[in-house]
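Colleague: Next up, run30.pdb (PDB, C-alpha atoms (C1' of nucleotides)).
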ATOM      1  CA  MET A   1      41.418 -35.887 -36.421
ATOM      2  CA  ARG A   2      40.064 -35.548 -39.913
ATOM      3  CA  TYR A   3      37.343 -37.170 -41.987
ATOM      4  CA  TRP A   4      37.595 -38.583 -45.498
ATOM      5  CA  LEU A   5      35.571 -40.321 -48.162
ATOM      6  CA  MET A   6      37.301 -43.146 -49.993
ATOM      7  CA  LYS A   7      35.903 -44.620 -53.190
ATOM      8  CA  SER A   8      36.213 -48.158 -54.419
ATOM      9  CA  GLU A   9      34.383 -50.281 -56.916
ATOM     10  CA  PRO A  10      32.633 -53.056 -54.971
ATOM     11  CA  ASP A  11      33.332 -55.547 -57.763
ATOM     12  CA  VAL A  12      37.031 -54.972 -57.201
ATOM     13  CA  PHE A  13      37.123 -54.275 -53.483
ATOM     14  CA  GLY A  14      33.904 -53.547 -51.603
ATOM     15  CA  ILE A  15      32.948 -53.189 -47.973
ATOM     16  CA  ASP A  16      32.190 -56.906 -47.765
ATOM     17  CA  HIS A  17      35.767 -57.687 -48.740
ATOM     18  CA  LEU A  18      36.967 -55.500 -45.906
ATOM     19  CA  ALA A  19      34.492 -57.112 -43.508
ATOM     20  CA  LYS A  20      35.974 -60.522 -44.291
ATOM     21  CA  ALA A  21      39.618 -59.459 -44.178
ATOM     22  CA  PRO A  22      41.741 -60.514 -41.197
ATOM     23  CA  LYS A  23      41.025 -58.111 -38.338
ATOM     24  CA  ARG A  24      38.677 -56.351 -40.757
ATOM     25  CA  THR A  25      41.801 -54.539 -41.900
ATOM     26  CA  ALA A  26      43.363 -54.060 -45.312
ATOM     27  CA  SER A  27      45.825 -51.840 -47.096
ATOM     28  CA  TRP A  28      44.091 -49.152 -49.168
ATOM     29  CA  ASP A  29      46.390 -49.587 -52.132
ATOM     30  CA  GLY A  30      46.321 -49.162 -55.870
ATOM     31  CA  VAL A  31      46.024 -45.374 -55.793
ATOM     32  CA  ARG A  32      47.779 -44.073 -58.908
ATOM     33  CA  ASN A  33      46.821 -40.428 -58.923
ATOM     34  CA  TYR A  34      49.278 -37.838 -57.640
ATOM     35  CA  GLN A  35      46.774 -35.637 -55.825
ATOM     36  CA  VAL A  36      45.406 -38.635 -53.967
ATOM     37  CA  ARG A  37      48.930 -39.954 -53.380
ATOM     38  CA  ASN A  38      49.758 -36.664 -51.699
ATOM     39  CA  LEU A  39      46.716 -36.974 -49.436
ATOM     40  CA  LEU A  40      47.723 -40.496 -48.453
ATOM     41  CA  ARG A  41      51.327 -39.553 -47.836
ATOM     42  CA  ASP A  42      50.939 -36.164 -46.203
ATOM     43  CA  GLU A  43      47.428 -35.539 -44.889
ATOM     44  CA  ILE A  44      45.731 -38.753 -43.865
ATOM     45  CA  LYS A  45      46.748 -39.755 -40.351
ATOM     46  CA  PHE A  46      46.447 -42.703 -38.032
ATOM     47  CA  GLY A  47      43.108 -42.392 -36.243
ATOM     48  CA  ASP A  48      41.323 -40.485 -39.004
ATOM     49  CA  LEU A  49      37.882 -41.771 -39.981
ATOM     50  CA  ALA A  50      36.667 -42.409 -43.510
ATOM     51  CA  PHE A  51      33.494 -43.351 -45.301
ATOM     52  CA  PHE A  52      33.687 -46.365 -47.587
ATOM     53  CA  TYR A  53      32.026 -45.269 -50.842
ATOM     54  CA  HIS A  54      30.925 -47.723 -53.513
ATOM     55  CA  SER A  55      31.376 -46.342 -57.028
ATOM     56  CA  SER A  56      30.685 -47.592 -60.557
ATOM     57  CA  CYS A  57      28.024 -50.018 -59.420
ATOM     58  CA  PRO A  58      24.222 -50.390 -59.480
ATOM     59  CA  GLN A  59      23.780 -48.574 -56.152
ATOM     60  CA  PRO A  60      26.557 -46.026 -55.676
ATOM     61  CA  GLY A  61      26.745 -44.572 -52.182
ATOM     62  CA  VAL A  62      28.277 -44.649 -48.723
ATOM     63  CA  ALA A  63      28.387 -48.180 -47.356
ATOM     64  CA  GLY A  64      30.080 -47.762 -43.988
ATOM     65  CA  VAL A  65      32.802 -46.297 -41.806
ATOM     66  CA  MET A  66      36.502 -47.138 -41.598
ATOM     67  CA  GLU A  67      39.305 -46.017 -39.352
ATOM     68  CA  VAL A  68      42.804 -45.334 -40.596
ATOM     69  CA  THR A  69      44.956 -47.722 -38.588
ATOM     70  CA  SER A  70      48.439 -47.044 -39.869
ATOM     71  CA  ALA A  71      50.692 -44.247 -40.917
ATOM     72  CA  ALA A  72      51.354 -43.882 -44.621
ATOM     73  CA  HIS A  73      53.596 -46.600 -45.984
ATOM     74  CA  PRO A  74      54.795 -47.486 -49.472
ATOM     75  CA  ASP A  75      52.145 -49.259 -51.538
ATOM     76  CA  LEU A  76      53.685 -52.703 -52.005
ATOM     77  CA  THR A  77      51.714 -53.438 -55.165
ATOM     78  CA  GLN A  78      53.913 -50.973 -57.068
ATOM     79  CA  PHE A  79      56.848 -53.395 -56.682
ATOM     80  CA  ASP A  80      54.897 -56.542 -57.528
ATOM     81  CA  PRO A  81      55.244 -57.510 -61.205
ATOM     82  CA  LYS A  82      52.166 -59.699 -60.881
ATOM     83  CA  SER A  83      49.978 -56.878 -59.619
ATOM     84  CA  GLU A  84      47.832 -54.861 -61.967
ATOM     85  CA  TYR A  85      49.122 -51.856 -60.035
ATOM     86  CA  HIS A  86      52.759 -52.706 -60.724
ATOM     87  CA  ASP A  87      54.848 -49.630 -61.527
ATOM     88  CA  PRO A  88      58.166 -50.717 -63.030
ATOM     89  CA  THR A  89      59.477 -47.158 -62.901
ATOM     90  CA  SER A  90      59.139 -46.883 -59.118
ATOM     91  CA  GLU A  91      62.219 -47.767 -57.070
ATOM     92  CA  ARG A  92      62.206 -49.299 -53.609
ATOM     93  CA  SER A  93      64.652 -46.656 -52.441
ATOM     94  CA  LYS A  94      62.275 -43.948 -53.636
ATOM     95  CA  PRO A  95      58.710 -45.258 -53.656
ATOM     96  CA  ARG A  96      56.287 -43.279 -55.752
ATOM     97  CA  TRP A  97      52.983 -44.614 -54.374
ATOM     98  CA  TYR A  98      51.673 -44.784 -50.831
ATOM     99  CA  ALA A  99      48.903 -46.529 -48.940
ATOM    100  CA  VAL A 100      47.393 -46.587 -45.466
ATOM    101  CA  ASP A 101      45.775 -49.431 -43.585
ATOM    102  CA  VAL A 102      42.060 -49.158 -42.939
ATOM    103  CA  THR A 103      39.893 -51.063 -40.457
ATOM    104  CA  LEU A 104      36.163 -51.471 -40.856
ATOM    105  CA  LYS A 105      34.265 -49.834 -38.012
ATOM    106  CA  GLU A 106      30.675 -50.016 -39.204
ATOM    107  CA  ARG A 107      28.839 -51.472 -42.138
ATOM    108  CA  PHE A 108      25.582 -49.588 -42.603
ATOM    109  CA  ARG A 109      22.379 -51.617 -42.733
ATOM    110  CA  ASN A 110      21.559 -49.699 -45.887
ATOM    111  CA  THR A 111      23.937 -47.868 -48.148
ATOM    112  CA  VAL A 112      23.360 -44.125 -48.121
ATOM    113  CA  LEU A 113      22.697 -43.720 -51.808
ATOM    114  CA  LEU A 114      24.258 -41.066 -53.977
ATOM    115  CA  GLN A 115      20.781 -39.734 -54.665
ATOM    116  CA  GLU A 116      20.180 -39.264 -50.930
ATOM    117  CA  LEU A 117      23.438 -37.352 -50.674
ATOM    118  CA  ARG A 118      22.349 -35.148 -53.562
ATOM    119  CA  ASP A 119      18.940 -34.604 -51.962
ATOM    120  CA  SER A 120      20.407 -33.406 -48.672
ATOM    121  CA  ALA A 121      20.553 -29.640 -48.204
ATOM    122  CA  GLN A 122      23.338 -30.064 -45.657
ATOM    123  CA  LEU A 123      25.546 -31.852 -48.165
ATOM    124  CA  ARG A 124      25.637 -29.274 -50.935
ATOM    125  CA  THR A 125      29.326 -28.737 -50.244
ATOM    126  CA  LEU A 126      30.310 -32.401 -50.351
ATOM    127  CA  GLN A 127      33.207 -32.697 -52.773
ATOM    128  CA  ILE A 128      32.103 -35.864 -54.532
ATOM    129  CA  LEU A 129      28.870 -34.121 -55.516
ATOM    130  CA  ARG A 130      30.777 -31.468 -57.389
ATOM    131  CA  ARG A 131      30.703 -31.711 -61.121
ATOM    132  CA  GLY A 132      33.744 -33.355 -62.583
ATOM    133  CA  ASN A 133      35.142 -34.552 -59.286
ATOM    134  CA  ARG A 134      37.271 -37.596 -59.932
ATOM    135  CA  LEU A 135      39.506 -37.960 -56.897
ATOM    136  CA  SER A 136      39.160 -41.320 -55.218
ATOM    137  CA  ILE A 137      39.785 -39.822 -51.773
ATOM    138  CA  THR A 138      38.309 -36.484 -50.707
ATOM    139  CA  PRO A 139      38.078 -34.643 -47.377
ATOM    140  CA  VAL A 140      34.761 -34.502 -45.527
ATOM    141  CA  SER A 141      33.924 -31.732 -43.044
ATOM    142  CA  ALA A 142      32.740 -32.520 -39.530
ATOM    143  CA  ALA A 143      29.287 -31.182 -40.406
ATOM    144  CA  GLU A 144      29.112 -33.298 -43.558
ATOM    145  CA  TRP A 145      30.276 -36.320 -41.604
ATOM    146  CA  LYS A 146      27.464 -35.879 -39.073
ATOM    147  CA  SER A 147      24.873 -35.408 -41.800
ATOM    148  CA  ILE A 148      25.841 -38.580 -43.601
ATOM    149  CA  LEU A 149      25.865 -40.587 -40.370
ATOM    150  CA  LYS A 150      22.391 -39.249 -39.638
ATOM    151  CA  LEU A 151      21.175 -40.426 -43.038
ATOM    152  CA  ALA A 152      22.784 -43.810 -42.446
ATOM    153  CA  HIS A 153      21.067 -44.278 -39.105
ATOM    154  CA  ALA A 154      17.707 -42.848 -40.081
ATOM    155  CA  GLY A 155      16.540 -45.883 -42.012
TER
ATOM    156  C1'  DG B   1      55.960 -24.850 -71.734
ATOM    157  C1'  DC B   2      52.061 -25.613 -74.909
ATOM    158  C1'  DC B   3      48.429 -28.356 -76.297
ATOM    159  C1'  DA B   4      46.217 -32.097 -78.984
ATOM    160  C1'  DA B   5      45.361 -36.754 -78.446
ATOM    161  C1'  DC B   6      44.413 -40.235 -75.656
ATOM    162  C1'  DG B   7      43.074 -42.700 -71.270
ATOM    163  C1'  DT B   8      40.292 -42.988 -67.053
ATOM    164  C1'  DT B   9      36.481 -42.182 -63.992
ATOM    165  C1'  DG B  10      31.921 -42.798 -62.851
ATOM    166  C1'  DG B  11      27.016 -41.744 -63.231
ATOM    167  C1'  DC B  12      23.328 -42.727 -66.049
TER
ATOM    168  C1'  DG C   1      27.310 -48.058 -74.207
ATOM    169  C1'  DC C   2      27.455 -43.042 -73.810
ATOM    170  C1'  DC C   3      29.557 -39.002 -72.494
ATOM    171  C1'  DA C   4      31.357 -35.142 -69.568
ATOM    172  C1'  DA C   5      35.236 -33.978 -67.190
ATOM    173  C1'  DC C   6      39.529 -34.331 -65.961
ATOM    174  C1'  DG C   7      44.511 -36.346 -65.878
ATOM    175  C1'  DT C   8      48.504 -37.908 -68.509
ATOM    176  C1'  DT C   9      51.471 -38.262 -72.389
ATOM    177  C1'  DG C  10      54.533 -36.818 -75.745
ATOM    178  C1'  DG C  11      55.775 -34.174 -79.921
ATOM    179  C1'  DC C  12      57.258 -29.783 -80.908
TER
END
Would you mind giving the structure from this file in structure tokens?

Modeller:
Amino acid sequence: MRYWLMKSEPDVFGIDHLAKAPKRTASWDGVRNYQVRNLLRDEIKFGDLAFFYHSSCPQPGVAGVMEVTSAAHPDLTQFDPKSEYHDPTSERSKPRWYAVDVTLKERFRNTVLLQELRDSAQLRTLQILRRGNRLSITPVSAAEWKSILKLAHAG
DNA sequence: GCCAACGTTGGC
DNA sequence: GCCAACGTTGGC
């Protein structure tokens, strides 16, 4: 079982959207970056756990915990002409983009702020803290996972 | 295959 | 709104 950190802009899709979704479950779709596509398709497995990270917002940080509750499947928005994620060059017989389903496990009382992550000596290796990191999904080590949970439950 | 121009991300 | 950093595009 592996750990991940998945970014989303709360204005577009935040942890509260997931909390209100049927069965607190939604498809993590709209990924249009090949490196992240490859993670979704090849590395992220049913039963993996992931932090829900809020980006591009007043208080960026880790807002809660999700579980991956499906295998990778084609991202349906690529075939939907009405979707902003529509990809007219992708064919149903050979989908280009993938998604997984995620289920909300825990919404933290307080978001673990980006600044707190930066301030933590144990999190120096966290990928999203690296300069220039732009991937919307990144792996998290078991030690990093524990450290972030500790910060979340300290307050 | 190179690389300049352009687009996107995301914190501040 | 700014800007650093990176990805993508497309002419050659």

Colleague: Could you list the residues chosen by the PyMOL selection byres ((chain A) within 12 of (chain B)) in this structure as a ChimeraX atom specification?

Modeller: /A:7-9,32-33,54-61,114-115,128-129,131-136

Colleague: Evaluate the PyMOL selection byres ((chain A and resi 142-152) around 10) and record the selected residues as a ChimeraX atom specification, following the chain and residue labels used in the document.

Modeller: /A:1-5,49-51,62-65,107-113,116-117,120-126,139-141,153-155

Colleague: Record the distance separating atom CA of A:Val31 and atom CA of A:Glu106, expressed in Å with one decimal.

Modeller: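 Computed distance, atom CA of A:Val31 to atom CA of A:Glu106, equals 23.1 Å.
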
Colleague: Using atom CA of A:Gly14 and atom CA of A:Arg96 as the two end points, give the distance in Å to one decimal.

Modeller: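 These two atoms are separated by 25.0 Å.
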
Colleague: Grab the atom CA of A:Asp75 to atom CA of A:Lys105 distance for me, in Å with one decimal place.

Modeller: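 Atom-to-atom, atom CA of A:Asp75 and atom CA of A:Lys105 are spaced 22.4 Å apart.
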
Colleague: Let me have the centre and edge lengths of the axis-aligned box enclosing all listed atoms of stretch 6-11 of chain B with 3 Å padding on every side, in Å to one decimal, as JSON.

Modeller:
{"center_x": 35.7, "center_y": -41.6, "center_z": -69.3, "size_x": 23.4, "size_y": 8.8, "size_z": 18.8}
